[in-house]
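Source file: data03.cif; contents: mmCIF, C-alpha atoms and all ligand atoms.
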data_my_file
loop_
_atom_site.group_PDB
_atom_site.id
_atom_site.type_symbol
_atom_site.label_atom_id
_atom_site.label_comp_id
_atom_site.auth_asym_id
_atom_site.auth_seq_id
_atom_site.Cartn_x
_atom_site.Cartn_y
_atom_site.Cartn_z
ATOM 1 C CA MET A 1 103.330 136.842 84.854
ATOM 2 C CA ALA A 2 102.428 137.458 81.252
ATOM 3 C CA GLY A 3 99.967 140.297 80.885
ATOM 4 C CA GLY A 4 99.369 140.433 84.659
ATOM 5 C CA GLY A 5 96.567 138.588 86.387
ATOM 6 C CA ALA A 6 96.406 135.119 87.846
ATOM 7 C CA HIS A 7 99.205 132.567 87.615
ATOM 8 C CA ILE A 8 97.879 129.506 85.806
ATOM 9 C CA ILE A 9 98.817 125.994 86.891
ATOM 10 C CA THR A 10 97.674 123.177 84.619
ATOM 11 C CA VAL A 11 97.880 119.580 85.813
ATOM 12 C CA GLY A 12 98.127 117.228 82.866
ATOM 13 C CA ASN A 13 99.229 114.074 81.178
ATOM 14 C CA GLU A 14 97.471 111.706 78.816
ATOM 15 C CA LYS A 15 97.147 108.866 81.295
ATOM 16 C CA GLY A 16 94.284 108.249 83.689
ATOM 17 C CA GLY A 17 94.931 107.420 87.324
ATOM 18 C CA SER A 18 98.317 109.134 87.625
ATOM 19 C CA GLY A 19 97.148 111.569 90.309
ATOM 20 C CA LYS A 20 96.214 114.686 88.336
ATOM 21 C CA SER A 21 92.951 115.463 90.141
ATOM 22 C CA THR A 22 94.441 114.688 93.568
ATOM 23 C CA THR A 23 97.387 116.972 92.814
ATOM 24 C CA ALA A 24 95.125 119.726 91.447
ATOM 25 C CA LEU A 25 93.053 119.860 94.647
ATOM 26 C CA HIS A 26 96.144 119.678 96.851
ATOM 27 C CA LEU A 27 97.758 122.628 95.069
ATOM 28 C CA ALA A 28 94.546 124.645 95.225
ATOM 29 C CA VAL A 29 94.006 123.972 98.945
ATOM 30 C CA TYR A 30 97.653 124.688 99.774
ATOM 31 C CA LEU A 31 97.351 128.090 98.083
ATOM 32 C CA LEU A 32 94.017 128.786 99.846
ATOM 33 C CA HIS A 33 95.642 128.081 103.214
ATOM 34 C CA GLN A 34 98.405 130.532 102.238
ATOM 35 C CA GLY A 35 95.688 133.191 101.973
ATOM 36 C CA TYR A 36 95.492 133.376 98.186
ATOM 37 C CA CYS A 37 92.323 133.663 96.178
ATOM 38 C CA VAL A 38 92.165 130.504 94.061
ATOM 39 C CA ALA A 39 89.970 129.250 91.216
ATOM 40 C CA THR A 40 89.820 125.658 90.025
ATOM 41 C CA ILE A 41 88.697 124.591 86.564
ATOM 42 C CA ASP A 42 87.722 121.037 85.650
ATOM 43 C CA VAL A 43 87.911 120.288 81.918
ATOM 44 C CA ASP A 44 87.602 116.519 82.434
ATOM 45 C CA SER A 45 83.915 116.110 81.607
ATOM 46 C CA ARG A 46 84.103 112.337 81.584
ATOM 47 C CA GLN A 47 85.448 111.796 85.124
ATOM 48 C CA GLN A 48 84.781 115.175 86.758
ATOM 49 C CA THR A 49 86.925 113.964 89.670
ATOM 50 C CA LEU A 50 87.970 117.452 90.758
ATOM 51 C CA THR A 51 84.350 118.632 90.655
ATOM 52 C CA ARG A 52 83.262 115.656 92.811
ATOM 53 C CA TYR A 53 86.219 116.162 95.148
ATOM 54 C CA ILE A 54 85.173 119.784 95.724
ATOM 55 C CA ARG A 55 81.536 118.758 96.154
ATOM 56 C CA ASN A 56 82.644 116.272 98.862
ATOM 57 C CA ARG A 57 84.643 119.050 100.493
ATOM 58 C CA ARG A 58 81.639 121.350 100.657
ATOM 59 C CA ALA A 59 79.431 118.545 102.046
ATOM 60 C CA SER A 60 82.015 117.745 104.772
ATOM 61 C CA ALA A 61 82.258 121.394 105.754
ATOM 62 C CA GLU A 62 78.481 121.731 105.966
ATOM 63 C CA ALA A 63 78.067 118.482 107.903
ATOM 64 C CA GLY A 64 80.770 119.500 110.378
ATOM 65 C CA GLY A 65 79.472 123.090 110.624
ATOM 66 C CA ARG A 66 82.961 124.494 110.123
ATOM 67 C CA ALA A 67 84.556 127.004 107.793
ATOM 68 C CA VAL A 68 86.770 125.265 105.231
ATOM 69 C CA PRO A 69 88.493 127.361 102.549
ATOM 70 C CA MET A 70 86.972 126.699 99.127
ATOM 71 C CA PRO A 71 88.217 127.591 95.643
ATOM 72 C CA LYS A 72 85.954 129.257 93.101
ATOM 73 C CA HIS A 73 85.162 126.160 91.051
ATOM 74 C CA VAL A 74 84.107 125.957 87.409
ATOM 75 C CA HIS A 75 83.425 122.860 85.323
ATOM 76 C CA LEU A 76 83.755 123.444 81.577
ATOM 77 C CA PRO A 77 81.807 120.787 79.642
ATOM 78 C CA THR A 78 82.966 119.163 76.410
ATOM 79 C CA ALA A 79 80.813 120.185 73.422
ATOM 80 C CA TRP A 80 79.084 117.174 71.830
ATOM 81 C CA GLY A 81 77.565 118.600 68.624
ATOM 82 C CA ASP A 82 77.871 116.955 65.176
ATOM 83 C CA SER A 83 80.387 119.461 63.828
ATOM 84 C CA ILE A 84 83.944 119.236 65.163
ATOM 85 C CA ALA A 85 84.674 122.791 64.045
ATOM 86 C CA GLU A 86 81.572 124.077 65.844
ATOM 87 C CA ASN A 87 82.453 122.093 69.009
ATOM 88 C CA GLN A 88 85.921 123.613 68.991
ATOM 89 C CA ARG A 89 84.483 127.091 68.560
ATOM 90 C CA VAL A 90 82.065 126.586 71.477
ATOM 91 C CA GLU A 91 84.832 125.188 73.705
ATOM 92 C CA LEU A 92 87.215 128.020 72.846
ATOM 93 C CA ASP A 93 84.439 130.456 73.676
ATOM 94 C CA ILE A 94 83.595 128.982 77.119
ATOM 95 C CA PHE A 95 87.271 128.539 77.969
ATOM 96 C CA THR A 96 88.174 132.104 76.996
ATOM 97 C CA ARG A 97 85.213 133.553 78.897
ATOM 98 C CA ALA A 98 86.047 131.624 82.074
ATOM 99 C CA MET A 99 89.721 132.567 81.908
ATOM 100 C CA THR A 100 89.028 136.232 81.190
ATOM 101 C CA GLN A 101 86.648 136.434 84.114
ATOM 102 C CA LEU A 102 88.876 134.546 86.580
ATOM 103 C CA ARG A 103 92.265 135.987 85.583
ATOM 104 C CA SER A 104 91.435 139.387 87.016
ATOM 105 C CA THR A 105 89.638 138.136 90.147
ATOM 106 C CA VAL A 106 91.923 135.441 91.617
ATOM 107 C CA ASP A 107 95.664 134.949 92.261
ATOM 108 C CA PHE A 108 95.936 131.382 90.977
ATOM 109 C CA ILE A 109 93.907 129.252 88.577
ATOM 110 C CA VAL A 110 94.450 125.492 88.861
ATOM 111 C CA ILE A 111 93.190 123.506 85.853
ATOM 112 C CA ASP A 112 92.608 119.749 85.966
ATOM 113 C CA THR A 113 92.619 117.940 82.611
ATOM 114 C CA PRO A 114 91.466 114.506 81.381
ATOM 115 C CA GLY A 115 93.771 111.549 80.743
ATOM 116 C CA PHE A 116 93.450 111.892 76.976
ATOM 117 C CA ASP A 117 94.087 114.417 74.226
ATOM 118 C CA GLY A 118 91.244 116.791 73.363
ATOM 119 C CA ASN A 119 90.487 120.371 72.471
ATOM 120 C CA LEU A 120 89.808 121.616 76.021
ATOM 121 C CA ALA A 121 92.910 119.804 77.311
ATOM 122 C CA ARG A 122 95.005 121.545 74.645
ATOM 123 C CA LEU A 123 93.550 124.938 75.537
ATOM 124 C CA ALA A 124 94.364 124.250 79.208
ATOM 125 C CA HIS A 125 97.960 123.361 78.327
ATOM 126 C CA GLY A 126 98.313 126.389 76.055
ATOM 127 C CA ALA A 127 97.258 128.712 78.896
ATOM 128 C CA ALA A 128 99.627 127.258 81.520
ATOM 129 C CA ASP A 129 102.325 129.295 83.231
ATOM 130 C CA SER A 130 103.235 126.163 85.187
ATOM 131 C CA LEU A 131 102.478 122.648 83.946
ATOM 132 C CA ILE A 132 102.694 119.793 86.382
ATOM 133 C CA THR A 133 102.700 116.228 85.099
ATOM 134 C CA PRO A 134 102.294 113.482 87.699
ATOM 135 C CA ILE A 135 103.558 110.117 86.492
ATOM 136 C CA ASN A 136 102.872 106.808 88.136
ATOM 137 C CA ASP A 137 106.004 105.230 89.340
ATOM 138 C CA SER A 138 106.549 102.524 86.749
ATOM 139 C CA MET A 139 108.506 102.071 83.537
ATOM 140 C CA ILE A 140 105.233 101.551 81.661
ATOM 141 C CA ASP A 141 103.869 104.938 82.649
ATOM 142 C CA LEU A 142 106.917 106.735 81.298
ATOM 143 C CA ASP A 143 105.703 106.119 77.756
ATOM 144 C CA VAL A 144 103.433 109.135 78.239
ATOM 145 C CA LEU A 145 106.656 111.174 77.944
ATOM 146 C CA ALA A 146 108.788 109.258 75.456
ATOM 147 C CA ARG A 147 109.068 105.992 73.590
ATOM 148 C CA ILE A 148 111.531 103.863 75.498
ATOM 149 C CA ASP A 149 113.798 101.256 73.904
ATOM 150 C CA PRO A 150 112.597 97.983 75.512
ATOM 151 C CA ARG A 151 116.111 96.471 75.291
ATOM 152 C CA THR A 152 118.231 99.305 76.666
ATOM 153 C CA GLY A 153 115.575 101.251 78.622
ATOM 154 C CA GLN A 154 116.799 104.435 76.915
ATOM 155 C CA PRO A 155 114.429 107.113 75.529
ATOM 156 C CA LEU A 156 114.069 106.954 71.737
ATOM 157 C CA GLU A 157 111.715 109.798 70.809
ATOM 158 C CA ALA A 158 109.286 112.219 72.460
ATOM 159 C CA SER A 159 105.723 110.902 72.871
ATOM 160 C CA PRO A 160 102.714 112.593 71.222
ATOM 161 C CA TYR A 161 101.942 114.182 74.633
ATOM 162 C CA SER A 162 105.435 115.649 74.989
ATOM 163 C CA ARG A 163 105.264 116.961 71.436
ATOM 164 C CA ASN A 164 101.933 118.649 72.238
ATOM 165 C CA VAL A 165 103.473 120.290 75.310
ATOM 166 C CA HIS A 166 106.416 121.572 73.254
ATOM 167 C CA LYS A 167 104.048 122.957 70.648
ATOM 168 C CA ALA A 168 101.897 124.647 73.327
ATOM 169 C CA ARG A 169 105.059 126.055 74.902
ATOM 170 C CA ALA A 170 106.388 127.494 71.616
ATOM 171 C CA GLU A 171 103.003 129.018 70.756
ATOM 172 C CA LYS A 172 102.622 130.554 74.201
ATOM 173 C CA GLN A 173 106.154 131.955 74.044
ATOM 174 C CA GLN A 174 105.342 133.635 70.756
ATOM 175 C CA ARG A 175 101.926 134.879 71.901
ATOM 176 C CA THR A 176 102.838 136.184 75.363
ATOM 177 C CA GLY A 177 106.639 136.280 75.587
ATOM 178 C CA THR A 178 106.713 133.670 78.389
ATOM 179 C CA GLY A 179 106.855 129.914 78.009
ATOM 180 C CA ILE A 180 105.527 127.088 80.165
ATOM 181 C CA ASP A 181 107.485 125.914 83.195
ATOM 182 C CA TRP A 182 107.046 122.134 82.947
ATOM 183 C CA VAL A 183 107.588 120.062 86.091
ATOM 184 C CA LEU A 184 107.362 116.258 86.308
ATOM 185 C CA VAL A 185 106.498 114.553 89.578
ATOM 186 C CA ARG A 186 106.605 110.849 90.281
ATOM 187 C CA ASN A 187 103.479 109.819 92.166
ATOM 188 C CA ARG A 188 102.532 106.744 94.188
ATOM 189 C CA ILE A 189 106.144 105.784 94.784
ATOM 190 C CA SER A 190 106.438 102.447 96.530
ATOM 191 C CA ASN A 191 107.743 102.842 100.087
ATOM 192 C CA LEU A 192 110.224 100.073 99.497
ATOM 193 C CA GLY A 193 113.304 101.536 97.822
ATOM 194 C CA SER A 194 113.196 98.981 95.038
ATOM 195 C CA HIS A 195 115.658 98.519 92.221
ATOM 196 C CA ASN A 196 112.883 99.402 89.775
ATOM 197 C CA ALA A 197 112.096 102.678 91.605
ATOM 198 C CA ALA A 198 115.749 103.763 91.359
ATOM 199 C CA ARG A 199 115.774 102.841 87.676
ATOM 200 C CA VAL A 200 112.601 104.891 87.076
ATOM 201 C CA GLN A 201 114.096 107.902 88.874
ATOM 202 C CA ASN A 202 117.246 107.791 86.710
ATOM 203 C CA LEU A 203 115.197 107.501 83.575
ATOM 204 C CA VAL A 204 112.854 110.361 84.579
ATOM 205 C CA GLU A 205 115.909 112.571 85.214
ATOM 206 C CA SER A 206 117.370 111.832 81.804
ATOM 207 C CA LEU A 207 113.976 112.227 80.091
ATOM 208 C CA ALA A 208 113.543 115.611 81.774
ATOM 209 C CA GLN A 209 116.834 116.840 80.323
ATOM 210 C CA GLY A 210 115.778 115.858 76.831
ATOM 211 C CA LEU A 211 112.296 117.373 77.254
ATOM 212 C CA ASP A 212 113.530 120.618 78.819
ATOM 213 C CA CYS A 213 111.551 120.223 82.022
ATOM 214 C CA ARG A 214 112.281 119.813 85.729
ATOM 215 C CA VAL A 215 111.663 116.928 88.133
ATOM 216 C CA ALA A 216 110.170 117.518 91.586
ATOM 217 C CA GLU A 217 110.547 115.260 94.597
ATOM 218 C CA GLY A 218 107.969 112.485 94.367
ATOM 219 C CA ILE A 219 104.846 111.634 96.366
ATOM 220 C CA ALA A 220 104.693 108.218 98.046
ATOM 221 C CA GLU A 221 101.891 105.662 97.703
ATOM 222 C CA ARG A 222 99.613 106.084 100.752
ATOM 223 C CA VAL A 223 96.201 104.658 101.561
ATOM 224 C CA ILE A 224 95.083 107.923 103.224
ATOM 225 C CA PHE A 225 94.370 109.410 99.769
ATOM 226 C CA ARG A 226 91.213 107.279 99.568
ATOM 227 C CA SER A 227 89.602 108.778 102.685
ATOM 228 C CA LEU A 228 90.817 112.214 101.670
ATOM 229 C CA PHE A 229 88.844 111.999 98.410
ATOM 230 C CA LEU A 230 85.628 110.907 100.144
ATOM 231 C CA THR A 231 85.781 113.800 102.616
ATOM 232 C CA GLY A 232 87.048 116.300 100.044
ATOM 233 C CA MET A 233 89.999 117.053 102.305
ATOM 234 C CA THR A 234 93.719 117.296 101.598
ATOM 235 C CA VAL A 235 96.853 116.758 103.638
ATOM 236 C CA PHE A 236 96.967 120.556 104.076
ATOM 237 C CA ASP A 237 93.695 120.680 106.007
ATOM 238 C CA PRO A 238 93.751 120.444 109.819
ATOM 239 C CA LEU A 239 94.676 116.948 110.955
ATOM 240 C CA GLU A 240 91.531 116.269 112.945
ATOM 241 C CA ALA A 241 89.794 112.906 112.831
ATOM 242 C CA ASP A 242 86.288 114.308 112.361
ATOM 243 C CA ILE A 243 87.441 116.301 109.323
ATOM 244 C CA LEU A 244 89.646 113.637 107.778
ATOM 245 C CA GLY A 245 87.238 110.741 108.232
ATOM 246 C CA ALA A 246 90.231 108.821 109.621
ATOM 247 C CA ALA A 247 92.595 109.126 112.534
ATOM 248 C CA PRO A 248 95.526 111.396 111.628
ATOM 249 C CA SER A 249 98.795 109.562 111.344
ATOM 250 C CA MET A 250 102.473 109.993 110.523
ATOM 251 C CA SER A 251 101.418 109.158 107.011
ATOM 252 C CA HIS A 252 99.420 112.419 106.851
ATOM 253 C CA VAL A 253 102.344 114.410 108.185
ATOM 254 C CA ASN A 254 104.762 112.820 105.723
ATOM 255 C CA ALA A 255 102.393 113.318 102.805
ATOM 256 C CA ARG A 256 102.016 116.986 103.789
ATOM 257 C CA HIS A 257 105.777 117.330 103.812
ATOM 258 C CA GLU A 258 106.032 115.776 100.332
ATOM 259 C CA TYR A 259 103.295 117.963 98.837
ATOM 260 C CA ARG A 260 104.963 121.036 100.380
ATOM 261 C CA ALA A 261 108.203 120.069 98.652
ATOM 262 C CA LEU A 262 106.281 119.734 95.406
ATOM 263 C CA VAL A 263 104.823 123.246 95.750
ATOM 264 C CA ALA A 264 108.312 124.593 96.525
ATOM 265 C CA ALA A 265 109.658 122.907 93.382
ATOM 266 C CA LEU A 266 107.050 124.729 91.289
ATOM 267 C CA GLN A 267 108.717 128.052 92.221
ATOM 268 C CA LEU A 268 105.388 129.875 92.053
ATOM 269 C CA PRO A 269 105.394 133.672 92.095
ATOM 270 C CA ASP A 270 105.174 135.021 95.630
ATOM 271 C CA SER A 271 102.545 137.339 97.016
ATOM 272 C CA ARG A 272 104.444 140.516 96.193
ATOM 273 C CA GLN A 273 103.990 139.818 92.483
ATOM 274 C CA LEU A 274 100.325 138.879 92.730
ATOM 275 C CA PRO A 275 97.636 141.485 92.201
ATOM 276 C CA LEU A 276 95.201 140.513 94.948
ATOM 277 C CA SER A 277 97.397 139.392 97.838
ATOM 278 C CA ALA A 278 100.099 142.031 98.003
HETATM 279 N N1 LIG A 301 100.058 109.248 96.418
HETATM 280 C C1 LIG A 301 98.991 108.431 96.307
HETATM 281 N N2 LIG A 301 98.894 107.295 97.046
HETATM 282 C C2 LIG A 301 97.833 106.473 96.940
HETATM 283 N N3 LIG A 301 96.795 106.694 96.118
HETATM 284 C C3 LIG A 301 96.833 107.798 95.347
HETATM 285 C C4 LIG A 301 97.908 108.724 95.402
HETATM 286 N N4 LIG A 301 97.657 109.740 94.512
HETATM 287 C C5 LIG A 301 96.473 109.443 93.955
HETATM 288 N N5 LIG A 301 95.984 108.277 94.431
HETATM 289 C C6 LIG A 301 94.737 107.595 94.068
HETATM 290 O O1 LIG A 301 94.855 107.195 92.713
HETATM 291 C C7 LIG A 301 93.599 107.274 92.069
HETATM 292 C C8 LIG A 301 93.749 108.152 90.819
HETATM 293 O O2 LIG A 301 94.083 109.479 91.230
HETATM 294 P P1 LIG A 301 93.491 110.737 90.449
HETATM 295 O O3 LIG A 301 94.008 111.933 91.141
HETATM 296 O O4 LIG A 301 92.016 110.611 90.272
HETATM 297 O O5 LIG A 301 94.250 110.534 89.041
HETATM 298 P P2 LIG A 301 93.927 111.163 87.604
HETATM 299 O O6 LIG A 301 93.209 112.447 87.832
HETATM 300 O O7 LIG A 301 95.273 111.332 86.962
HETATM 301 O O8 LIG A 301 93.081 110.162 86.862
HETATM 302 C C9 LIG A 301 92.624 107.843 93.092
HETATM 303 O O9 LIG A 301 91.917 106.773 93.654
HETATM 304 C C10 LIG A 301 93.535 108.512 94.114
HETATM 305 O O10 LIG A 301 92.952 108.528 95.403
HETATM 306 MG MG MG A 302 91.429 113.117 87.045
#
Would you put the structure from the file into structure tokens?
Ligand SMILES: Nc1ncnc2c1ncn2[C@@H]1O[C@H](COP(=O)(O)OP(=O)(O)O)[C@@H](O)[C@H]1O
Ligand SMILES: [Mg+2]
Amino acid sequence: MAGGGAHIITVGNEKGGSGKSTTALHLAVYLLHQGYCVATIDVDSRQQTLTRYIRNRRASAEAGGRAVPMPKHVHLPTAWGDSIAENQRVELDIFTRAMTQLRSTVDFIVIDTPGFDGNLARLAHGAADSLITPINDSMIDLDVLARIDPRTGQPLEASPYSRNVHKARAEKQQRTGTGIDWVLVRNRISNLGSHNAARVQNLVESLAQGLDCRVAEGIAERVIFRSLFLTGMTVFDPLEADILGAAPSMSHVNARHEYRALVAALQLPDSRQLPLSA
């Protein structure tokens, strides 16, 4: 880890609804259950999904009178003044303060970002040791990564988002000597092994080569994610009906297995390298 301190995982892409906030909480809770000290940062002021998710989690724990591991959560608001330069200065200031404070007190910082470009989102990408980009499982959603030739289905050029990631990666490499490990994950994969799903997988693999990133095993489409959000729980929490707000099912077990595979694909540093959990 560059300069010691927490390992930073940013969850990002410039599309709403691809599963960023869900993935951010799942990663954070997985790491908490592993015994790590974890902070979460929400820089999506418009949706604040991660902040609401964590609020639901706290409410469920209190209602059930049980101990549920919680991350140290911070929401960093967008600055809305008249001057863009001043807004950027304020945002850089709050971001830097939060990171400086958390870096030395936790093992992992998981940052959730909005589905659009913005100053705080760029700062979050620029700080990432690991960047995870969930993509909805359709040809249309791949345009967040590259412009695709509609006739041949082949990638033509990197998208503005991919170019931003490459820029953040080059700047971080120069600043700290380590780059950004970028991992794509297909999310909400249809359970039916359709022709389109296979086509998307092939295209994601070839896009990843061109973009110098890796592809993790995907996460299937499952209705349980709705009740998980309302209770603030994840597939890593105990599979008990009164916690989940729904009867546990094979679907939970399978989803847990898939998210575990995703964490493994991230190749996060293990406890021996982390300052607080050795
Ligand atoms: N694997 C999944 N299966 C079914 N629904 C999912 C899955 N992942 C996320 N969702 C749902 O999709 C919606 C958008 O997810 P969210 O994590 O808020 O995306 P983002 O943060 O990228 O906007 C939410 O309603 C969430 O519950
Ligand atoms: Mg979100």
For chain A versus ligand MG 302 (chain A), which residues have an atom no more than 6 Å away, and what is each residue's nearest atom pair and distance in Å rounded to one decimal, using only C-alpha atoms and all ligand atoms, chain-then-number order, as a Markdown table?
| residue | atom | partner | partner_atom | distance |
| --- | --- | --- | --- | --- |
| A:Lys20 | CA | A:MG302 | MG | 5.2 |
| A:Ser21 | CA | A:MG302 | MG | 4.2 |
| A:Thr49 | CA | A:MG302 | MG | 5.3 |
| A:Pro114 | CA | A:MG302 | MG | 5.8 |
The PyMOL selection byres (((chain A and resi 158) around 9) and not hetatm) on the file shown: which residues, as a PDB file with C-alpha atoms, in the coordinates of the input?
ATOM      1  CA  ASP A 143     105.703 106.119  77.756  1.00  0.00           C
ATOM      2  CA  VAL A 144     103.433 109.135  78.239  1.00  0.00           C
ATOM      3  CA  LEU A 145     106.656 111.174  77.944  1.00  0.00           C
ATOM      4  CA  ALA A 146     108.788 109.258  75.456  1.00  0.00           C
ATOM      5  CA  ARG A 147     109.068 105.992  73.590  1.00  0.00           C
ATOM      6  CA  PRO A 155     114.429 107.113  75.529  1.00  0.00           C
ATOM      7  CA  LEU A 156     114.069 106.954  71.737  1.00  0.00           C
ATOM      8  CA  GLU A 157     111.715 109.798  70.809  1.00  0.00           C
ATOM      9  CA  SER A 159     105.723 110.902  72.871  1.00  0.00           C
ATOM     10  CA  PRO A 160     102.714 112.593  71.222  1.00  0.00           C
ATOM     11  CA  TYR A 161     101.942 114.182  74.633  1.00  0.00           C
ATOM     12  CA  SER A 162     105.435 115.649  74.989  1.00  0.00           C
ATOM     13  CA  ARG A 163     105.264 116.961  71.436  1.00  0.00           C
ATOM     14  CA  LEU A 207     113.976 112.227  80.091  1.00  0.00           C
ATOM     15  CA  GLY A 210     115.778 115.858  76.831  1.00  0.00           C
ATOM     16  CA  LEU A 211     112.296 117.373  77.254  1.00  0.00           C
TER      17      LEU A 211
END
**Request:** For Leu102 in chain A, please output as a ChimeraX atom specification all residues within 8 Å (counting only C-alpha atoms; exclusion window: fewer than 4 positions along the same chain).
**Result:** /A:6,39,98,106,109
**Request:** Step by step, measure atom-to-atom distances between ligand LIG 301 (chain A) and each residue using all atoms listed in the file, keep those at most 10 Å, then write them as a ChimeraX atom specification.
**Result:** /A:11-26,44,47-50,53,112-115,133-136,186-190,218-230,255,258-259
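The space separating CA of Asn87 in chain A from CA of Ala124 in chain A comes to 15.8 Å.
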**Item:** Residues returned when the PyMOL selection byres (((chain A and resi 65-68) around 10) and not hetatm) runs on this file, as a PyMOL selection string
**Value:** chain A and resi 29+32-33+57-64+69-71+233+237-238+243
**Item:** Selection near Thr105 in chain A, 9 Å with all atoms listed in the file, sequence-local residues under 2 positions removed, as a VMD selection string
**Value:** chain A and resid 5 to 6 37 to 39 101 to 103 107 275 to 276
**Request:** Would you mind telling me which residue in A:Lys167, A:Val90, A:Cys213, A:Arg199 lies nearest to Leu266 in chain A when using only C-alpha atoms?
**Result:** A:Cys213
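Residue nearest Gly232 in chain A within the list A:Ala28, A:Ile54, A:Val165, A:Leu76: A:Ile54 [criterion: smallest interatomic distance, only C-alpha atoms].
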**Message:** Once the PyMOL selection byres (((chain A and resi 110) around 6) and not hetatm) has been evaluated on this model, what residues remain selected, and can you format them as number ranges by chain?
**Reply:** A: 9-10, 40, 109, 111
**Asked** Nearest to Val235 in chain A: which of A:Val43, A:Leu120, A:Leu27, A:Val204 is it, counting all atoms listed in the file?
**Response** A:Leu27
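Taking CA of Glu91 in chain A and CA of His7 in chain A as endpoints, the distance between them is 21.3 Å.
Using all atoms listed in the file, the shortest contact distance between Phe95 in chain A and any of A:Leu123, A:Gly118, A:Gln267, A:Asp82 is found at A:Leu123.
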**Prompt:** What is the distance, in Å and to one decimal place, between CA of Arg214 in chain A and CA of Val183 in chain A?
**Reply:** 4.7 Å
**Item:** Nearby residues (only C-alpha atoms) at most 10 Å from Leu268 in chain A, same-chain spacing under 5 positions excluded, as JSON, numbers by chain
**Value:** {"A": [7, 8, 9, 108, 129, 130, 181, 263]}
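By all atoms listed in the file, and with residues fewer than 4 positions from Arg122 in chain A along its chain excluded, the set lying at most 9 Å from it is Asp117, Gly118, Gly126, Ala127, Asn164, Val165 and Ala168 of chain A.
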